[in-house]
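So this block is start_5.txt, compact mmCIF, C-alpha atoms:
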```txt
# COMPACT_ATOMS: atom_id res chain seq x y z
CA MET A 728 17.85 9.36 -33.53
CA ARG A 729 19.25 6.04 -32.35
CA THR A 730 20.50 7.60 -29.10
CA THR A 731 17.04 9.06 -28.41
CA ASN A 732 15.39 5.68 -28.95
CA HIS A 733 17.89 4.06 -26.62
CA LEU A 734 17.06 6.64 -23.95
CA ILE A 735 13.31 6.06 -24.30
CA GLY A 736 13.86 2.30 -24.19
CA LEU A 737 15.96 2.63 -21.03
CA LEU A 738 13.30 4.79 -19.35
CA ASN A 739 10.63 2.24 -20.20
CA PHE A 740 12.77 -0.55 -18.78
CA LEU A 741 13.25 1.41 -15.54
CA THR A 742 9.50 2.08 -15.44
CA PHE A 743 8.91 -1.64 -15.82
CA LEU A 744 11.13 -2.26 -12.78
CA LEU A 745 9.16 0.33 -10.78
CA SER A 746 5.92 -1.45 -11.68
CA ILE A 747 7.34 -4.58 -10.05
CA VAL A 748 7.88 -2.58 -6.84
CA ILE A 749 4.26 -1.34 -6.87
CA LEU A 750 2.96 -4.83 -7.61
CA GLY A 751 5.09 -6.19 -4.77
CA GLY A 752 3.54 -3.67 -2.38
CA GLY A 753 0.05 -4.66 -3.49
CA ILE A 754 0.81 -8.37 -3.16
CA TRP A 755 2.28 -7.79 0.33
CA LEU A 756 -0.89 -5.97 1.37
CA SER A 757 -2.95 -8.77 -0.15
CA SER A 758 -1.06 -11.35 1.92
CA ARG A 759 -1.68 -9.30 5.07
CA ALA A 760 -5.35 -8.93 4.10
CA ASN A 761 -5.64 -12.71 4.05
CA SER A 762 -3.80 -13.32 7.32
CA THR A 763 -3.39 -10.22 9.49
CA ASP A 764 -5.23 -7.03 8.55
CA CYS A 765 -8.22 -8.95 7.13
CA LEU A 766 -9.42 -6.04 5.00
CA LYS A 767 -9.53 -7.32 1.44
CA PHE A 768 -10.26 -4.43 -0.90
CA LEU A 769 -7.71 -1.64 -0.41
CA GLN A 770 -4.85 -3.57 -2.05
CA TRP A 771 -6.60 -4.08 -5.40
CA PRO A 772 -6.24 -0.51 -6.74
CA LEU A 773 -2.50 -0.74 -6.08
CA ILE A 774 -2.24 -4.08 -7.90
CA VAL A 775 -4.21 -2.72 -10.88
CA ILE A 776 -2.00 0.39 -11.08
CA GLY A 777 1.16 -1.72 -10.90
CA ALA A 778 -0.06 -4.10 -13.61
CA SER A 779 -1.09 -1.17 -15.83
CA ILE A 780 2.34 0.45 -15.53
CA MET A 781 3.95 -2.88 -16.41
CA VAL A 782 1.88 -3.33 -19.58
CA VAL A 783 2.25 0.28 -20.72
CA SER A 784 6.01 0.32 -20.12
CA LEU A 785 6.37 -2.83 -22.25
CA ALA A 786 4.41 -1.10 -25.03
CA GLY A 787 6.67 1.94 -24.78
CA PHE A 788 9.76 -0.28 -24.81
CA ALA A 789 8.54 -2.00 -27.98
CA GLY A 790 7.79 1.38 -29.55
CA ALA A 791 11.31 2.61 -28.80
CA CYS A 792 12.93 -0.56 -30.16
CA TYR A 793 10.95 -0.59 -33.41
CA ARG A 794 10.68 3.19 -33.80
CA ASN A 795 6.90 2.94 -33.60
CA THR A 796 5.75 6.49 -32.91
CA PHE A 797 2.19 5.41 -32.12
CA LEU A 798 3.27 3.04 -29.33
CA MET A 799 5.51 5.70 -27.79
CA TRP A 800 2.72 8.27 -27.99
CA LEU A 801 0.30 5.74 -26.43
CA TYR A 802 2.82 5.07 -23.63
CA LEU A 803 3.08 8.77 -22.74
CA PHE A 804 -0.67 9.34 -23.02
CA VAL A 805 -1.70 6.40 -20.82
CA MET A 806 1.16 6.91 -18.35
CA PHE A 807 -0.13 10.44 -17.64
CA PHE A 808 -3.43 9.03 -16.37
CA ILE A 809 -1.69 6.22 -14.46
CA ILE A 810 0.48 8.77 -12.62
CA ALA A 811 -2.63 10.81 -11.86
CA ALA A 812 -4.35 7.67 -10.53
CA LEU A 813 -1.32 6.85 -8.35
CA ILE A 814 -1.33 10.39 -6.91
CA GLY A 815 -5.04 10.07 -6.14
CA PHE A 816 -4.53 6.68 -4.55
CA ILE A 817 -1.71 7.93 -2.29
CA ILE A 818 -3.84 10.89 -1.18
CA PHE A 819 -6.79 8.57 -0.53
CA ALA A 820 -4.67 6.11 1.48
CA TYR A 821 -3.32 8.90 3.69
CA ALA A 822 -6.77 10.46 4.11
CA VAL A 823 -8.51 7.26 5.26
CA THR A 824 -5.68 6.28 7.64
CA ASP A 825 -4.94 9.78 8.95
CA LYS A 826 -6.65 9.72 12.35
CA GLY A 827 -6.13 7.43 15.30
CA SER A 828 -3.18 5.74 16.96
CA GLY A 829 -2.46 3.55 19.94
CA ARG A 830 -2.41 4.98 23.45
CA PRO A 831 0.48 4.17 25.80
CA VAL A 832 -0.38 2.25 28.97
CA LEU A 833 1.44 2.93 32.25
CA ASN A 834 4.21 0.39 32.89
CA LYS A 835 3.30 -1.63 29.79
CA GLY A 836 5.28 -2.32 26.66
CA TYR A 837 2.22 -2.41 24.41
CA LEU A 838 -0.25 0.21 23.25
CA GLU A 839 -4.03 -0.01 23.53
CA TYR A 840 -6.49 1.07 20.88
CA TYR A 841 -9.80 2.90 21.25
CA LEU A 842 -12.43 3.09 18.53
CA GLN A 843 -13.37 6.68 19.40
CA ASP A 844 -9.88 7.78 18.34
CA TYR A 845 -10.71 6.87 14.73
CA SER A 846 -13.17 8.42 12.34
CA GLY A 847 -14.07 8.62 8.69
CA TRP A 848 -14.92 6.28 5.87
CA LEU A 849 -12.58 3.44 6.83
CA LYS A 850 -13.91 3.30 10.40
CA ASP A 851 -17.50 3.20 9.12
CA ARG A 852 -16.54 0.36 6.82
CA VAL A 853 -14.88 -1.67 9.58
CA VAL A 854 -17.64 -1.26 12.18
CA ASP A 855 -20.41 -2.20 9.73
CA GLY A 856 -22.04 -5.32 11.18
CA SER A 857 -21.92 -7.55 8.11
CA TYR A 858 -18.42 -6.48 7.22
CA TRP A 859 -17.12 -6.90 10.76
CA ALA A 860 -18.45 -10.44 10.81
CA LYS A 861 -16.13 -11.26 7.89
CA ILE A 862 -13.17 -9.44 9.45
CA SER A 863 -13.56 -11.09 12.87
CA SER A 864 -13.91 -14.49 11.22
CA CYS A 865 -10.71 -13.83 9.28
CA ILE A 866 -8.85 -12.87 12.49
CA ARG A 867 -10.11 -16.00 14.22
CA ASP A 868 -9.07 -18.20 11.29
CA SER A 869 -5.62 -16.60 11.16
CA LYS A 870 -5.04 -17.88 14.74
CA VAL A 871 -3.14 -14.69 15.57
CA CYS A 872 -4.24 -14.95 19.22
CA SER A 873 -3.36 -18.60 19.68
CA LYS A 874 0.14 -17.86 18.38
CA MET A 875 0.79 -15.40 21.20
CA GLY A 876 1.78 -18.07 23.73
CA ARG A 877 5.41 -18.09 24.86
CA THR A 878 7.38 -20.32 27.17
CA PHE A 879 10.85 -19.96 28.64
CA ASN A 880 12.61 -23.22 29.48
CA GLY A 881 9.23 -24.92 29.43
CA VAL A 882 7.67 -22.36 31.80
CA PRO A 883 4.87 -20.05 30.51
CA GLU A 884 5.68 -16.37 30.61
CA THR A 885 4.56 -14.42 33.68
CA TYR A 886 2.31 -11.38 33.74
CA ASP A 887 5.29 -9.05 34.18
CA MET A 888 6.96 -10.56 31.13
CA PHE A 889 3.74 -10.33 29.11
CA SER A 890 3.27 -6.69 30.15
CA MET A 891 6.60 -5.71 28.55
CA ARG A 892 5.83 -7.29 25.18
CA LYS A 893 5.42 -5.19 22.03
CA LEU A 894 2.04 -6.45 20.91
CA SER A 895 0.67 -5.79 17.45
CA PRO A 896 -2.51 -3.67 17.28
CA ILE A 897 -4.65 -6.76 16.64
CA GLU A 898 -2.99 -8.75 19.45
CA SER A 899 -3.56 -5.87 21.86
CA GLY A 900 -7.13 -5.13 20.81
CA CYS A 901 -8.52 -8.60 20.03
CA CYS A 902 -6.60 -11.14 22.12
CA LYS A 903 -6.79 -9.67 25.63
CA PRO A 904 -9.20 -7.49 27.62
CA PRO A 905 -8.43 -3.77 28.04
CA THR A 906 -6.06 -3.13 30.94
CA GLU A 907 -8.53 -0.79 32.63
CA CYS A 908 -10.92 -3.74 33.11
CA GLY A 909 -8.61 -5.13 35.79
CA TYR A 910 -8.78 -8.76 34.68
CA VAL A 911 -6.39 -11.19 36.36
CA TYR A 912 -3.79 -12.73 34.06
CA VAL A 913 -3.70 -16.53 33.70
CA ASN A 914 -2.01 -16.75 30.29
CA GLU A 915 -1.90 -14.67 27.12
CA THR A 916 -5.53 -15.37 26.16
CA LEU A 917 -7.02 -16.45 29.48
CA TRP A 918 -8.01 -13.75 31.97
CA ASN A 919 -10.26 -14.00 35.02
CA PRO A 920 -12.46 -11.10 36.13
CA ALA A 921 -11.47 -9.32 39.33
CA SER A 922 -14.15 -9.19 42.02
CA GLY A 923 -15.69 -5.91 43.09
CA LEU A 924 -14.33 -3.87 40.15
CA ALA A 925 -16.82 -1.73 38.26
CA ALA A 926 -15.57 -0.69 34.82
CA THR A 927 -17.21 1.82 32.49
CA ASN A 928 -15.65 0.35 29.35
CA LEU A 929 -18.24 -1.82 27.59
CA ASP A 930 -15.47 -4.04 26.27
CA CYS A 931 -14.98 -5.37 29.80
CA SER A 932 -18.31 -7.19 29.54
CA ARG A 933 -17.62 -8.33 25.98
CA TRP A 934 -14.46 -10.25 26.87
CA SER A 935 -14.79 -14.04 26.90
CA ASN A 936 -12.33 -16.78 27.81
CA ASP A 937 -13.90 -18.84 25.03
CA GLN A 938 -10.98 -19.08 22.59
CA GLN A 939 -13.40 -18.66 19.70
CA MET A 940 -14.74 -15.41 21.13
CA LEU A 941 -12.05 -13.59 23.17
CA CYS A 942 -12.49 -9.89 22.38
CA TYR A 943 -13.48 -10.26 18.74
CA GLN A 944 -16.67 -8.29 19.35
CA CYS A 945 -14.91 -5.56 21.31
CA ASP A 946 -14.51 -2.01 20.05
CA SER A 947 -10.83 -2.36 20.95
CA CYS A 948 -10.54 -5.16 18.38
CA LYS A 949 -12.06 -2.97 15.66
CA ALA A 950 -9.68 -0.19 16.67
CA GLY A 951 -6.80 -2.69 16.54
CA VAL A 952 -7.70 -3.59 12.95
CA LEU A 953 -7.73 0.11 12.04
CA GLY A 954 -4.39 0.60 13.77
CA SER A 955 -2.88 -2.37 11.93
CA LEU A 956 -4.17 -1.06 8.60
CA LYS A 957 -2.66 2.33 9.29
CA LYS A 958 0.77 0.83 9.97
CA SER A 959 0.65 -1.35 6.85
CA TRP A 960 -0.55 1.42 4.56
CA ARG A 961 1.94 3.98 5.83
CA LYS A 962 4.79 1.58 5.03
CA VAL A 963 3.51 1.02 1.50
CA SER A 964 2.73 4.73 0.99
CA VAL A 965 6.34 5.71 1.64
CA ILE A 966 7.45 3.34 -1.13
CA ASN A 967 4.67 4.60 -3.41
CA ILE A 968 5.75 8.22 -2.95
CA VAL A 969 9.35 7.38 -3.90
CA VAL A 970 8.11 5.42 -6.94
CA LEU A 971 5.80 8.31 -7.91
CA ILE A 972 8.67 10.82 -7.84
CA LEU A 973 10.79 8.56 -10.05
CA LEU A 974 7.86 7.96 -12.43
CA VAL A 975 7.31 11.71 -12.85
CA ILE A 976 11.02 12.26 -13.54
CA PHE A 977 11.07 9.43 -16.10
CA TYR A 978 7.87 10.75 -17.67
CA VAL A 979 9.25 14.28 -18.11
CA ILE A 980 12.47 12.94 -19.61
CA GLY A 981 10.44 10.62 -21.85
CA CYS A 982 8.30 13.51 -23.10
CA ALA A 983 11.41 15.55 -23.93
CA ALA A 984 13.00 12.60 -25.70
CA PHE A 985 9.79 11.90 -27.64
CA ARG A 986 9.59 15.53 -28.81
CA ASN A 987 13.22 15.41 -29.86
CA ASN A 988 12.49 12.15 -31.68
CA LYS A 989 9.68 13.76 -33.66
CA LYS A 990 11.81 16.78 -34.43
CA ILE A 991 14.57 14.58 -35.84
CA ASP A 992 12.00 12.59 -37.83
CA ASN A 993 10.61 15.78 -39.36
CA ASP A 994 14.07 16.92 -40.39
CA GLU A 995 15.02 13.62 -42.06
CA PRO A 996 14.70 13.37 -45.84
CA TYR A 997 13.05 9.90 -45.69
CA GLY A 998 14.91 8.89 -48.90
CA GLU A 999 13.81 11.91 -50.90
CA ALA A 1000 16.47 13.83 -52.69
CA ARG A 1001 16.95 17.29 -51.21
CA MET A 1002 16.32 20.19 -53.61
CA THR A 1003 19.25 22.49 -54.01
CA LYS A 1004 19.16 25.80 -55.71
CA ALA A 1005 21.45 25.93 -58.70
CA GLN A 1006 22.99 29.11 -59.86
CA PRO A 1007 21.83 29.81 -63.42
CA SER A 1008 24.67 29.45 -65.83
CA ARG A 1009 25.65 32.49 -67.75
CA ILE A 1010 25.33 32.28 -71.49
CA HIS A 1011 28.21 33.86 -73.27
CA LEU A 1012 27.52 35.16 -76.62
```

Would it be possible to restate this file's structure as structure tokens?
Amino acid sequence: MRTTNHLIGLLNFLTFLLSIVILGGGIWLSSRANSTDCLKFLQWPLIVIGASIMVVSLAGFAGACYRNTFLMWLYLFVMFFIIAALIGFIIFAYAVTDKGSGRPVLNKGYLEYYLQDYSGWLKDRVVDGSYWAKISSCIRDSKVCSKMGRTFNGVPETYDMFSMRKLSPIESGCCKPPTECGYVYVNETLWNPASGLAATNLDCSRWSNDQQMLCYQCDSCKAGVLGSLKKSWRKVSVINIVVLILLVIFYVIGCAAFRNNKKIDNDEPYGEARMTKAQPSRIHL
């Protein structure tokens, strides 16, 4: 019995450690939502799931330590729904970030992003006028574009050097005009229009050298946000899948240990004297 309780306690402790990993992923996404990705709602389900696992694992640990069957039963019951919620969340995250990716540009180190490459619920959310106003304001306040400037020995980088940079999706989509527009490079966020060039991309007319405007109203900027979200969520989803597999393994072992615990409890005498059949004594006449 004691060995079984120790096993359940160990599993709950390991589950508690896994909850820290999930919470860390949610907090990391939250920090990016406030400074880079600027989408501030997708991280909360992950934080809630992580916090729930932490609380439930502590309850299971206490149940194992004090041989409280109710707490251990509650741990297994609630953990089942938490695992189901985590599975649903992973599927949802992959579904909403499934489509779209950056397109390579000839002789450039960066990718460019096009809104038509994305579709679905997340795209509709991002392009919504009122919501995009908040996202673009967040990008502007994060100063991600103003941080792009580089100098080498006091000399600003040239166009050739800039062209070979690995820009983030938001830097590529929001901080410069699309390459097909043919703008002339001055510095990372200052581009002059080329004369006599007719472009079909509407973003070419949306670009502004005003440092408070740049390409924040461009479709390429919205696509860049979607591309950045996809990269962030895929990183976290890989960790979540590993954690999910471990949680399922711990849960199955915990269920087996709990059943064994109950079986042992049912077989214990609980202080009652066991009845033994006595052979009737023979009476000799």

Residue nearest Ile780 of chain A among A:Leu801, A:Leu917, A:Leu745, A:Ile972 (counting all atoms listed in the file):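 Using all atoms listed in the file, Ile780 of chain A sits closest to A:Leu745.
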
Need the neighbours of (13.2, 11.6, -24.6): which residues are at most 9 Å away, counting only C-alpha atoms, as a list in words?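 Checking each residue against the 9 Å limit leaves Thr731, Asn732, Leu734, Ile735, Leu738, Tyr978, Val979, Ile980, Gly981, Cys982, Ala983, Ala984, Phe985, Arg986, Asn987 and Asn988 of chain A.
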
Restricted to C-alpha atoms, what would the selected residues look like written as a tab-separated table (two decimals), in the coordinates of the input?
```tsv
chain	number	residue	atom	x	y	z
A	731	THR	CA	17.04	9.06	-28.41
A	732	ASN	CA	15.39	5.68	-28.95
A	734	LEU	CA	17.06	6.64	-23.95
A	735	ILE	CA	13.31	6.06	-24.30
A	738	LEU	CA	13.30	4.79	-19.35
A	978	TYR	CA	7.87	10.75	-17.67
A	979	VAL	CA	9.25	14.28	-18.11
A	980	ILE	CA	12.47	12.94	-19.61
A	981	GLY	CA	10.44	10.62	-21.85
A	982	CYS	CA	8.30	13.51	-23.10
A	983	ALA	CA	11.41	15.55	-23.93
A	984	ALA	CA	13.00	12.60	-25.70
A	985	PHE	CA	9.79	11.90	-27.64
A	986	ARG	CA	9.59	15.53	-28.81
A	987	ASN	CA	13.22	15.41	-29.86
A	988	ASN	CA	12.49	12.15	-31.68
```

At most 7 Å from (-14.4, -9.3, 31.5), file frame, only C-alpha atoms: which residues, as a PyMOL selection string? chain A and resi 904+908+910+920+931-935

Looking at A:Val882, A:Val970, A:Ile866, A:Ile754, which one is nearest to Thr742 of chain A, with distances taken over only C-alpha atoms?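 Ranking A:Val882, A:Val970, A:Ile866, A:Ile754 by distance to Thr742 of chain A, first place goes to A:Val970.
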
What is the distance, in Å and to one decimal place, between atom CA of Asn795 of chain A and atom CA of Leu744 of chain A? 21.9 Å

Using only C-alpha atoms, which residue out of A:Tyr837, A:Gly829, A:Met888, A:Gln939 lies closest to Ser873 of chain A?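 Looking at the shortest contact to Ser873 of chain A, the residue is A:Gln939.
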
If you count all atoms listed in the file, which residues fall within 12 Å of Asp844 of chain A, apart from same-chain ones fewer than 5 positions away, as a ChimeraX atom specification? /A:824-830,839,850,946-947,949-951,953-954

Distance atom CA of Ala811 of chain A-atom CA of Pro772 of chain A, one decimal place?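 We find that atom CA of Ala811 of chain A and atom CA of Pro772 of chain A lie 12.9 Å from each other.
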
Report, in Å to a single decimal, how far apart atom CA of Val952 of chain A and atom CA of Tyr845 of chain A are. 11.0 Å

Using all atoms listed in the file, which of the listed residues (A:Ala820, A:Val871, A:Ala812, A:Ala789) sits closest to Gln770 of chain A?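 That would be A:Ala820, the residue with the smallest distance to Gln770 of chain A.
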
Would you pick out the contacts of Gly790 of chain A at 10 Å or less, using only C-alpha atoms, so that residues sharing its chain but fewer than 3 positions from it are not included, and give the list as a PyMOL selection string? chain A and resi 732+735-736+739+784-787+793-802

Counting only C-alpha atoms, closest pick from A:Arg892, A:Phe879, A:Leu773, A:Trp755 relative to Ile817 of chain A is A:Leu773

I need the residue nearest Ser895 of chain A from this list: A:Ser955, A:Ser757, A:Ser863, A:Asn967. Use only C-alpha atoms for the distance.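 Ranking A:Ser955, A:Ser757, A:Ser863, A:Asn967 by distance to Ser895 of chain A, first place goes to A:Ser955.
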
Just the residues within 10 Å of Ala822 of chain A, please, counting only C-alpha atoms, with nothing from its chain fewer than 6 positions along; format it as a VMD selection string. chain A and resid 816 847 to 849
